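See structure below.
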Amino acid sequence: MKIVIVGTGYVGLVTGACLAEVGTDVVCVDVNEEKIENLKKGVLPIYEPGLDRIVDRNTSKGRLQFSTNLASVIGNAEVVFIAVGTPPGEDGSADLQYVLKVAQTIGEHIKDYLVVVTKSTVPVGTAEKVKSAISKALAARNESISFDVASNPEFLKEGAAVDDFLKPDRIVIGIESDKARNLLQQLYNPFVLNGHPILFMDVPSAEMTKYAANAMLATKISFMNAITKYS
């Protein structure tokens, strides 16, 4: 299976490297030319235990590649993950401009059926905006190419991201078609051999699951801090 990861930050690089580790052909794309050149040389922009060895091993075997040109690699892909940044705006809301720019580029260059997966932490309803951006770009080309948009939020802990990805306690995927489900089931099958599940649901539910998990973690931390303060 051929995969494209757009964004080589914490989530994108870990995702790409770990998918390559189980035999998937992965191209990681980023607009930052210096970052891509460094990655080609084995210089990583982040530190995560074990990640450098996985990147080196899979780069040398040709399963993991790096590029600055999404248009040139999208034609061979079956799944594209959007893992770009969503920095908070002045009002605290997620800035989706980079996510939607990637979606537009996908629509401008898609050649065949594709599953577009949002991996970035995004608000509920983002998948519909991604779908709209792709559809508008296709309409501008007078093309009618089928695609699906899915949501696959990440649950990676800093310092344990590689283990979290390779041995997840659950994988959450929001899908809108059986075709997308089957493709993503195939992609993630090597990671659920430990018996933990892939939780398939509709796309808005998957987007909400990420925020619910984050909120629950924050609640637990606040509770423990409060108990510690008065104990």
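Every chain in the structure tokens takes a letter, A first, then B, and so on in the order presented; its residues are numbered from 1, and the ligands are numbered from 1 following the presented order.
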For the structure I just gave you, how does DSSP split region 47-102 of chain A - specifically, which residues are strand (DSSP E)? Reply as number ranges by chain.
A: 64-67, 79-82
If you run DSSP on the backbone, which residues of region 23-230 of chain A are helix (DSSP H, G or I), as number ranges by chain?
A: 33-40, 51-60, 70-76, 97-109, 126-140, 161-166, 178-191, 203-230
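Among the candidates A:Gly89, A:Gly23, A:Pro49, A:Gly9, the residue lying nearest to Glu158 (chain A) is A:Pro49 (atoms considered: only C-alpha atoms).
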Rank nothing, just name the residue among A:Ala133, A:Gly50, A:Phe66, A:Glu21 nearest to Glu37 (chain A), using only C-alpha atoms.
A:Phe66
Which is closer to Val116 (chain A) than all the others in A:Ser144, A:Ser151, A:Thr219, A:Gln65, using only C-alpha atoms?
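So, comparing all the options, the nearest one is A:Ser151.
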Test item: residues at most 9 Å from Val26 (chain A), only C-alpha atoms, excluding those fewer than 3 positions along its chain, as a VMD selection string
chain A and resid 1 to 5 16 to 17 19 to 20 62 to 66 77
Might you pull out every residue within 9 Å of Val124 (chain A), with only C-alpha atoms counted and same-chain residues fewer than 3 positions away left off, and present them as JSON, numbers by chain?
{"A": [127, 203, 204, 205, 206, 207, 208, 211]}
Save the residues we just selected, all heavy atoms, as a JSON list (two decimals), in the first residue's frame?
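Listed below is the output, again_33.json:
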[["chain", "number", "residue", "atom", "x", "y", "z"],
["A", 127, "ALA", "N", -13.97, 17.53, 8.78],
["A", 127, "ALA", "CA", -13.99, 16.61, 7.63],
["A", 127, "ALA", "C", -14.92, 17.12, 6.53],
["A", 127, "ALA", "O", -14.61, 16.99, 5.34],
["A", 127, "ALA", "CB", -14.42, 15.21, 8.08],
["A", 203, "VAL", "N", -17.69, 9.83, 11.09],
["A", 203, "VAL", "CA", -16.60, 10.81, 11.13],
["A", 203, "VAL", "C", -16.76, 11.84, 12.26],
["A", 203, "VAL", "O", -15.80, 12.07, 13.02],
["A", 203, "VAL", "CB", -16.44, 11.50, 9.76],
["A", 203, "VAL", "CG1", -15.38, 12.60, 9.84],
["A", 203, "VAL", "CG2", -16.04, 10.48, 8.70],
["A", 204, "PRO", "N", -17.92, 12.47, 12.44],
["A", 204, "PRO", "CA", -18.04, 13.43, 13.54],
["A", 204, "PRO", "C", -17.79, 12.81, 14.91],
["A", 204, "PRO", "O", -17.22, 13.46, 15.79],
["A", 204, "PRO", "CB", -19.49, 13.93, 13.41],
["A", 204, "PRO", "CG", -19.85, 13.72, 11.99],
["A", 204, "PRO", "CD", -19.15, 12.46, 11.60],
["A", 205, "SER", "N", -18.18, 11.55, 15.09],
["A", 205, "SER", "CA", -17.94, 10.88, 16.38],
["A", 205, "SER", "C", -16.45, 10.69, 16.63],
["A", 205, "SER", "O", -15.97, 10.84, 17.76],
["A", 205, "SER", "CB", -18.64, 9.52, 16.41],
["A", 205, "SER", "OG", -20.04, 9.67, 16.38],
["A", 206, "ALA", "N", -15.69, 10.38, 15.57],
["A", 206, "ALA", "CA", -14.24, 10.23, 15.73],
["A", 206, "ALA", "C", -13.60, 11.56, 16.08],
["A", 206, "ALA", "O", -12.70, 11.64, 16.92],
["A", 206, "ALA", "CB", -13.64, 9.66, 14.44],
["A", 207, "GLU", "N", -14.06, 12.62, 15.43],
["A", 207, "GLU", "CA", -13.53, 13.95, 15.75],
["A", 207, "GLU", "C", -13.85, 14.33, 17.20],
["A", 207, "GLU", "O", -12.99, 14.89, 17.90],
["A", 207, "GLU", "CB", -14.13, 14.99, 14.78],
["A", 207, "GLU", "CG", -13.67, 14.81, 13.34],
["A", 207, "GLU", "CD", -14.38, 15.73, 12.37],
["A", 207, "GLU", "OE1", -15.55, 16.08, 12.64],
["A", 207, "GLU", "OE2", -13.79, 16.10, 11.34],
["A", 208, "MET", "N", -15.05, 14.00, 17.66],
["A", 208, "MET", "CA", -15.43, 14.29, 19.03],
["A", 208, "MET", "C", -14.66, 13.44, 20.03],
["A", 208, "MET", "O", -14.31, 13.91, 21.13],
["A", 208, "MET", "CB", -16.93, 14.06, 19.21],
["A", 208, "MET", "CG", -17.43, 14.28, 20.64],
["A", 208, "MET", "SD", -17.15, 15.98, 21.24],
["A", 208, "MET", "CE", -18.51, 16.82, 20.42],
["A", 211, "TYR", "N", -11.43, 15.07, 21.23],
["A", 211, "TYR", "CA", -11.63, 16.15, 22.20],
["A", 211, "TYR", "C", -12.12, 15.61, 23.54],
["A", 211, "TYR", "O", -11.74, 16.11, 24.60],
["A", 211, "TYR", "CB", -12.60, 17.19, 21.64],
["A", 211, "TYR", "CG", -11.93, 18.17, 20.71],
["A", 211, "TYR", "CD1", -11.82, 17.91, 19.36],
["A", 211, "TYR", "CD2", -11.37, 19.34, 21.20],
["A", 211, "TYR", "CE1", -11.18, 18.81, 18.51],
["A", 211, "TYR", "CE2", -10.73, 20.24, 20.37],
["A", 211, "TYR", "CZ", -10.64, 19.97, 19.01],
["A", 211, "TYR", "OH", -9.99, 20.85, 18.19]]
Give me the residues near Val149 (chain A) as a PyMOL selection string, where near means some atom within 8 Å (using only C-alpha atoms) and where sequence neighbours in that chain fewer than 6 positions away do not count.
chain A and resi 115-118+127+130-131+175-176
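Proximity to Asp25 (chain A) was assessed for A:Ala71, A:Val11, A:Val80, A:Val172 counting only C-alpha atoms; the smallest distance is recorded for A:Val80.
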One decimal, in Å: what's the spacing between CA of Val6 (chain A) and CA of Val29 (chain A)?
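Computing the Euclidean distance for CA of Val6 (chain A) and CA of Val29 (chain A) yields 4.8 Å.
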Go through A:Leu138, A:Val192, A:Val162, A:Cys18 and flag the residue nearest His109 (chain A), using only C-alpha atoms for the distances.
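When distances to His109 (chain A) are compared using only C-alpha atoms, the smallest one comes from A:Leu138.
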Selection: 10 Å around Leu51 (chain A), only C-alpha atoms, excl. self and same-chain fewer than 2 positions, as a list in words:
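Listed by chain and then number, they are Leu13, Val14, Ala17, Cys18, Leu44, Ile46, Tyr47, Glu48, Pro49, Arg53, Ile54, Val55, Asp56, Arg57, Ala161, Val162 and Asp163 of chain A.
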Output the selection as a tab-separated table (two decimals), in the first residue's frame - N, CA, C and O atoms for each residue.
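That gives us out_4.tsv:
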chain	number	residue	atom	x	y	z
A	13	LEU	N	5.57	12.63	11.38
A	13	LEU	CA	6.80	11.86	11.25
A	13	LEU	C	6.69	10.52	11.96
A	13	LEU	O	7.12	9.48	11.42
A	14	VAL	N	6.11	10.50	13.15
A	14	VAL	CA	5.93	9.23	13.87
A	14	VAL	C	5.00	8.31	13.08
A	14	VAL	O	5.27	7.12	12.92
A	17	ALA	N	6.87	7.02	9.85
A	17	ALA	CA	7.95	6.07	10.16
A	17	ALA	C	7.39	4.73	10.63
A	17	ALA	O	7.87	3.66	10.22
A	18	CYS	N	6.37	4.76	11.47
A	18	CYS	CA	5.82	3.51	12.01
A	18	CYS	C	5.03	2.74	10.97
A	18	CYS	O	5.05	1.50	10.97
A	44	LEU	N	16.61	14.42	12.36
A	44	LEU	CA	15.19	14.53	12.72
A	44	LEU	C	14.90	15.85	13.42
A	44	LEU	O	15.73	16.33	14.20
A	46	ILE	N	12.63	16.30	15.68
A	46	ILE	CA	12.16	16.02	17.03
A	46	ILE	C	12.96	14.86	17.60
A	46	ILE	O	13.62	14.11	16.86
A	47	TYR	N	12.91	14.71	18.93
A	47	TYR	CA	13.50	13.52	19.54
A	47	TYR	C	12.39	12.66	20.12
A	47	TYR	O	11.52	13.15	20.85
A	48	GLU	N	12.39	11.42	19.77
A	48	GLU	CA	11.48	10.43	20.32
A	48	GLU	C	12.24	9.12	20.38
A	48	GLU	O	12.85	8.70	19.38
A	49	PRO	N	12.32	8.47	21.55
A	49	PRO	CA	13.13	7.25	21.68
A	49	PRO	C	12.81	6.22	20.60
A	49	PRO	O	11.66	5.83	20.40
A	53	ARG	N	16.18	5.36	14.68
A	53	ARG	CA	16.54	4.06	14.11
A	53	ARG	C	15.49	3.58	13.11
A	53	ARG	O	15.83	3.01	12.07
A	54	ILE	N	14.22	3.82	13.41
A	54	ILE	CA	13.15	3.42	12.49
A	54	ILE	C	13.24	4.22	11.20
A	54	ILE	O	13.10	3.67	10.10
A	55	VAL	N	13.49	5.52	11.31
A	55	VAL	CA	13.61	6.36	10.13
A	55	VAL	C	14.80	5.92	9.28
A	55	VAL	O	14.69	5.75	8.06
A	56	ASP	N	15.95	5.72	9.92
A	56	ASP	CA	17.15	5.30	9.18
A	56	ASP	C	16.94	3.97	8.48
A	56	ASP	O	17.28	3.79	7.30
A	57	ARG	N	16.37	3.01	9.19
A	57	ARG	CA	16.17	1.67	8.64
A	57	ARG	C	15.24	1.69	7.43
A	57	ARG	O	15.53	1.08	6.39
A	161	ALA	N	5.80	7.84	22.03
A	161	ALA	CA	4.97	7.89	20.82
A	161	ALA	C	5.17	6.68	19.93
A	161	ALA	O	4.21	6.17	19.34
A	162	VAL	N	6.40	6.21	19.79
A	162	VAL	CA	6.66	5.06	18.93
A	162	VAL	C	5.96	3.82	19.46
A	162	VAL	O	5.27	3.11	18.72
A	163	ASP	N	6.10	3.56	20.75
A	163	ASP	CA	5.41	2.41	21.35
A	163	ASP	C	3.90	2.58	21.28
A	163	ASP	O	3.17	1.61	21.04
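Minimum distance to Leu187 (chain A) across A:Leu199, A:Pro45, A:Val22, A:Ala215 (counting only C-alpha atoms) occurs at A:Val22.
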Find the residues near Asp112 (chain A): any atom within 12 Å, counting only C-alpha atoms, skip ones fewer than 3 places away on the same chain, and give them as a ChimeraX atom specification.
/A:74-79,106-109,115,138,143-148
Save out the residues we just selected, N, CA and C atoms, as a CSV table (one decimal), in the first residue's frame.
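Here's the written file selection21.csv:
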chain,number,residue,atom,x,y,z
A,74,ILE,N,1.1,12.4,-5.1
A,74,ILE,CA,-0.3,12.1,-4.8
A,74,ILE,C,-0.9,11.1,-5.8
A,75,GLY,N,-0.4,11.1,-7.0
A,75,GLY,CA,-1.0,10.2,-8.0
A,75,GLY,C,-0.9,8.8,-7.7
A,76,ASN,N,0.1,8.3,-7.0
A,76,ASN,CA,0.3,6.9,-6.7
A,76,ASN,C,-0.2,6.5,-5.3
A,77,ALA,N,-0.8,7.4,-4.6
A,77,ALA,CA,-1.2,7.2,-3.2
A,77,ALA,C,-2.6,6.5,-3.2
A,78,GLU,N,-2.8,5.7,-2.2
A,78,GLU,CA,-4.1,5.2,-1.9
A,78,GLU,C,-4.8,5.9,-0.7
A,79,VAL,N,-3.9,6.3,0.2
A,79,VAL,CA,-4.4,7.1,1.4
A,79,VAL,C,-3.5,8.3,1.6
A,106,ILE,N,-4.9,18.6,-2.8
A,106,ILE,CA,-5.3,17.2,-3.1
A,106,ILE,C,-6.4,17.2,-4.2
A,107,GLY,N,-7.4,18.1,-4.1
A,107,GLY,CA,-8.4,18.2,-5.1
A,107,GLY,C,-7.8,18.7,-6.5
A,108,GLU,N,-6.8,19.4,-6.5
A,108,GLU,CA,-6.2,19.9,-7.7
A,108,GLU,C,-5.4,18.8,-8.4
A,109,HIS,N,-5.0,17.8,-7.7
A,109,HIS,CA,-4.0,16.8,-8.3
A,109,HIS,C,-4.5,15.4,-8.2
A,115,VAL,N,-8.5,7.9,-0.2
A,115,VAL,CA,-9.0,8.2,1.1
A,115,VAL,C,-8.2,9.3,1.8
A,138,LEU,N,-11.9,20.0,-7.5
A,138,LEU,CA,-12.3,19.1,-8.6
A,138,LEU,C,-13.2,19.7,-9.5
A,143,GLU,N,-13.7,17.8,-13.1
A,143,GLU,CA,-13.4,16.4,-12.9
A,143,GLU,C,-14.4,15.9,-11.9
A,144,SER,N,-14.7,14.6,-12.1
A,144,SER,CA,-15.6,13.9,-11.1
A,144,SER,C,-14.9,12.6,-10.7
A,145,ILE,N,-14.0,12.7,-9.6
A,145,ILE,CA,-13.3,11.6,-9.1
A,145,ILE,C,-13.7,11.3,-7.7
A,146,SER,N,-14.1,10.1,-7.4
A,146,SER,CA,-14.6,9.7,-6.1
A,146,SER,C,-13.5,9.7,-5.1
A,147,PHE,N,-13.8,10.1,-3.9
A,147,PHE,CA,-12.9,10.1,-2.7
A,147,PHE,C,-13.7,10.0,-1.5
A,148,ASP,N,-13.0,9.6,-0.4
A,148,ASP,CA,-13.6,9.5,0.9
A,148,ASP,C,-12.8,10.4,1.9
Tell me, in Å to one decimal, how far CA of Lys210 (chain A) is from CA of Phe165 (chain A).
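So the two atoms, CA of Lys210 (chain A) and CA of Phe165 (chain A), lie 15.5 Å apart.
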